[in-house]
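Asker: This structure is in structure tokens; I'll ask about it shortly.
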Amino acid sequence: MNRPAANLSEVYPLVPLKSVSGRGVYLEDGRGRRVLDLYGGHAVAALGYAHPRLTEAIGRQAQALQFQSNIVALKIRDEAAERLADFAPEPLSRVFFVNSGAEANENALRIALRSTGRNKVVAMEHAFHGRTAAAAAVSWGSQSWYGFPRTPFDVTFVPRNDVDALQAAVGSDTAAVIIEPVQGVAGAFDFSRPFMAAARECCDRSGALLILDEVQTGVGRLGEPFGADYYDVRPDLLTAAKGLGGGFPCAAVLMTAELAADIGFGALGSTFGGGPLACAAINTVLEVIESDNLLARVRETSARIIETCVRGPVTGTCGAGLLVGLRTDPRAASVLEALLRKDILTGTSADPHVLRLLPPLILETRHVKRLARALEELDSETL
């Protein structure tokens, strides 16, 4: 692993790659090395790198107006909110823009606690929702790095796909149930459809709100607009980030009109949320996904990965869409290192035997063929 520059805090382990540019689904270092990026910067590079329509939209907006606060109405912000609400599942018709997935989850939890007046949240074992106070409180295993003296509310974790445990945990004291439709950090774990339906039923029965954390799964990543569409489950609140701006930092909380009506002035705020550059990026990402039929492409390339990449050190797959986990017999970290030597960048996860793929949505079947060939070549190598 590389070491960071002397002035950077050493909080991230670095792979031996120092990129200086990117185009399409490829990264380049300063010596001309070209690497196929199947990790997409933690699912952020939805349109890959240097996408002409995205870079042009951001540049055009930067020349017109780089920033203005939320006390000033912006046409570009109104357009982004309308387009995102149209892209989202019903009945999520109201949008609150923020800057990151953790901030989006923080605010979704705040809305749920305020609107219900309750003090407990039910979360899933192995979940990861972010590193801010509330988001980290509902992240599995965060006690080792939480850093705050106490959590802001009570949390009950339930085993994944255990409907009985979920039903027992959700009651009249529960403000919200929060779920990632596919757990990314945990290793591309996809929940069962009966479990997701049971989560909706438990919330309906108890008066709790269902929050879908779609920071990784949203914006086309599963081959549908959101994981809510993939599972056909109606959430009360949904969070989006990562690929939403195609690389420009932005995020959003989507909610029902009823919840939005209860919030009122001053209850939420974000200095940079909904800035004009972010909104230009959001507009363009959603426009390209729809105009270039990228949802169908995601489904096609995902199916090809599942069909062709169980070879070499890979024993099976998990996940959905282009949030795919490759189960490995050796440790996933050793497979990552071997693939990077072949100029293919992938990612690991909390599961030491799951290699995580989060490539740009523009990935093509020829890129999947290259991955399959590389994995086949690793069959006889020592990992």
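Starting from 1 in every chain, residues are counted up; chains themselves are A, B, ... following the order of the structure tokens, and ligands are numbered from 1 as listed.
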Would you give me, as a PyMOL selection string, the residues in segment 159-370 of chain A that DSSP reads as strand (DSSP E or B)?

Answerer: chain A and resi 174-179+182-183+189-190+209-214+237-240+251-256+314-320+323-328+344-345+347+354-357

Asker: Would you please extract all helix (DSSP H, G or I) residues from segment 206-247 of chain A, as assigned by DSSP on the backbone, and give them as a PyMOL selection string?

Answerer: chain A and resi 206+227-231+242-245

Asker: One decimal, in Å: what's the spacing between atom CA of Arg60 of chain A and atom CA of Lys242 of chain A?

Answerer: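 Between atom CA of Arg60 of chain A and atom CA of Lys242 of chain A the gap works out to 22.2 Å.
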
Asker: Restricting the calculation to only C-alpha atoms, which member of A:Phe226, A:Phe87, A:Tyr49, A:Phe191 is positioned closest to Asn283 of chain A?

Answerer: A:Phe87

Asker: Find the spatial neighbours of Arg110 of chain A, counting only C-alpha atoms, within a cut-off of 10 Å - ignore same-chain residues fewer than 6 positions away - and output them as a ChimeraX atom specification.

Answerer: /A:104,134,175,267-268

Asker: Any chance you could export the current selection's N, CA and C atoms as a PDB file, in the first residue's frame?

Answerer:
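Output below, filename again-v1.pdb:
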ATOM      1  N   ALA A 104     -27.071  13.403   4.612  1.00  0.00           N
ATOM      2  CA  ALA A 104     -28.432  13.044   4.208  1.00  0.00           C
ATOM      3  C   ALA A 104     -29.063  12.098   5.224  1.00  0.00           C
ATOM      4  N   ALA A 134     -25.519  10.795  14.356  1.00  0.00           N
ATOM      5  CA  ALA A 134     -26.706   9.948  14.218  1.00  0.00           C
ATOM      6  C   ALA A 134     -26.468   8.818  13.230  1.00  0.00           C
ATOM      7  N   ALA A 175     -39.200   5.175  16.119  1.00  0.00           N
ATOM      8  CA  ALA A 175     -39.347   6.318  15.218  1.00  0.00           C
ATOM      9  C   ALA A 175     -39.144   5.900  13.770  1.00  0.00           C
ATOM     10  N   ALA A 267     -35.817  24.183  10.877  1.00  0.00           N
ATOM     11  CA  ALA A 267     -35.599  22.832  11.394  1.00  0.00           C
ATOM     12  C   ALA A 267     -34.450  22.129  10.687  1.00  0.00           C
ATOM     13  N   LEU A 268     -34.202  22.484   9.428  1.00  0.00           N
ATOM     14  CA  LEU A 268     -33.119  21.899   8.650  1.00  0.00           C
ATOM     15  C   LEU A 268     -32.314  23.022   8.020  1.00  0.00           C
TER      16      LEU A 268
END

Asker: Fewer than 3 positions away in the same chain doesn't count, so skip those; otherwise give me all residues within 10 Å of segment 21-27 of chain A, counting only C-alpha atoms, as an NGL selection string.

Answerer: :A and (17-18 or 30 or 32-40 or 45-52 or 343-345 or 359-364 or 367)

Asker: Emit the selected residues as a PDB file, in the first residue's frame, including C-alpha atoms.

Answerer:
ATOM      1  CA  LEU A  17      -1.978   3.844  -7.921  1.00  0.00           C
ATOM      2  CA  LYS A  18      -1.662   7.622  -8.200  1.00  0.00           C
ATOM      3  CA  GLY A  30       1.516  10.285 -14.494  1.00  0.00           C
ATOM      4  CA  GLY A  32       0.731   6.778 -18.885  1.00  0.00           C
ATOM      5  CA  ARG A  33      -0.474   3.663 -17.095  1.00  0.00           C
ATOM      6  CA  ARG A  34      -4.141   3.089 -17.949  1.00  0.00           C
ATOM      7  CA  VAL A  35      -6.306   1.261 -15.377  1.00  0.00           C
ATOM      8  CA  LEU A  36      -9.844  -0.044 -15.844  1.00  0.00           C
ATOM      9  CA  ASP A  37     -11.794   1.370 -12.895  1.00  0.00           C
ATOM     10  CA  LEU A  38     -14.404  -1.083 -11.646  1.00  0.00           C
ATOM     11  CA  TYR A  39     -14.746   0.671  -8.287  1.00  0.00           C
ATOM     12  CA  GLY A  40     -15.828   4.125  -9.436  1.00  0.00           C
ATOM     13  CA  ALA A  45     -18.358   8.144 -10.833  1.00  0.00           C
ATOM     14  CA  ALA A  46     -21.788   7.276 -12.223  1.00  0.00           C
ATOM     15  CA  LEU A  47     -20.969   8.602 -15.707  1.00  0.00           C
ATOM     16  CA  GLY A  48     -17.295   7.701 -15.552  1.00  0.00           C
ATOM     17  CA  TYR A  49     -14.640  10.366 -16.039  1.00  0.00           C
ATOM     18  CA  ALA A  50     -14.617  13.478 -18.250  1.00  0.00           C
ATOM     19  CA  HIS A  51     -18.137  12.849 -19.487  1.00  0.00           C
ATOM     20  CA  PRO A  52     -18.595  15.660 -22.018  1.00  0.00           C
ATOM     21  CA  ASP A 343      -4.451  -2.791 -14.497  1.00  0.00           C
ATOM     22  CA  ILE A 344      -7.944  -3.453 -13.132  1.00  0.00           C
ATOM     23  CA  LEU A 345      -9.071  -1.544 -10.020  1.00  0.00           C
ATOM     24  CA  PRO A 359     -18.146   0.627 -11.715  1.00  0.00           C
ATOM     25  CA  PRO A 360     -19.528   3.575 -13.678  1.00  0.00           C
ATOM     26  CA  LEU A 361     -22.994   2.979 -15.116  1.00  0.00           C
ATOM     27  CA  ILE A 362     -21.505   3.401 -18.603  1.00  0.00           C
ATOM     28  CA  LEU A 363     -19.604   0.105 -18.241  1.00  0.00           C
ATOM     29  CA  GLU A 364     -19.809  -2.088 -21.354  1.00  0.00           C
ATOM     30  CA  HIS A 367     -14.992  -4.351 -20.031  1.00  0.00           C
TER      31      HIS A 367
END

Asker: Could you state the separation of atom CA of Thr156 of chain A and atom CA of Asn99 of chain A in Å, given to one decimal place?

Answerer: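 Spanning atom CA of Thr156 of chain A to atom CA of Asn99 of chain A is a straight-line distance of 27.4 Å.
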
Asker: Do a neighbour search on segment 203-211 of chain A at 9 Å with only C-alpha atoms, toss out local chain neighbours closer than 6 positions, and write the hits as a PyMOL selection string.

Answerer: chain A and resi 105+108-109+112+116+118+121+170-180+234-239

Asker: Which residues are close to Leu336 of chain A, i.e. within 9 Å by only C-alpha atoms, leaving aside same-chain residues fewer than 3 positions away? Reply as a compact mmCIF listing (two decimals) with C-alpha atoms, in the first residue's frame.

Answerer:
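Once written, selection28.txt looks like this:
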# COMPACT_ATOMS: atom_id res chain seq x y z
CA ARG A 331 -8.81 -13.14 0.75
CA ALA A 332 -10.38 -10.47 -1.40
CA ALA A 333 -7.48 -8.10 -0.67
CA LEU A 339 -6.06 -7.59 -10.49
CA LEU A 340 -4.43 -4.20 -10.01
CA ARG A 341 -1.19 -5.69 -11.32
CA ILE A 344 -7.94 -3.45 -13.13
CA LEU A 345 -9.07 -1.54 -10.02
CA THR A 346 -11.65 -3.14 -7.72
CA GLY A 347 -12.58 -2.71 -4.05
CA THR A 348 -12.80 -4.74 -0.88
CA LEU A 355 -14.47 -8.21 -3.68

Asker: Once you count only C-alpha atoms, what closest atom pair and distance in Å to one decimal does each residue of segment 173-278 of chain A within 9 Å of segment 298-304 of chain A have, with rows by chain and rising residue number, as CSV?

Answerer:
residue,atom,partner,partner_atom,distance
A:Gly220,CA,A:Val298,CA,7.7
A:Arg221,CA,A:Val298,CA,7.2
A:Leu222,CA,A:Val298,CA,7.2
A:Gly223,CA,A:Val298,CA,5.1
A:Glu224,CA,A:Arg299,CA,8.5
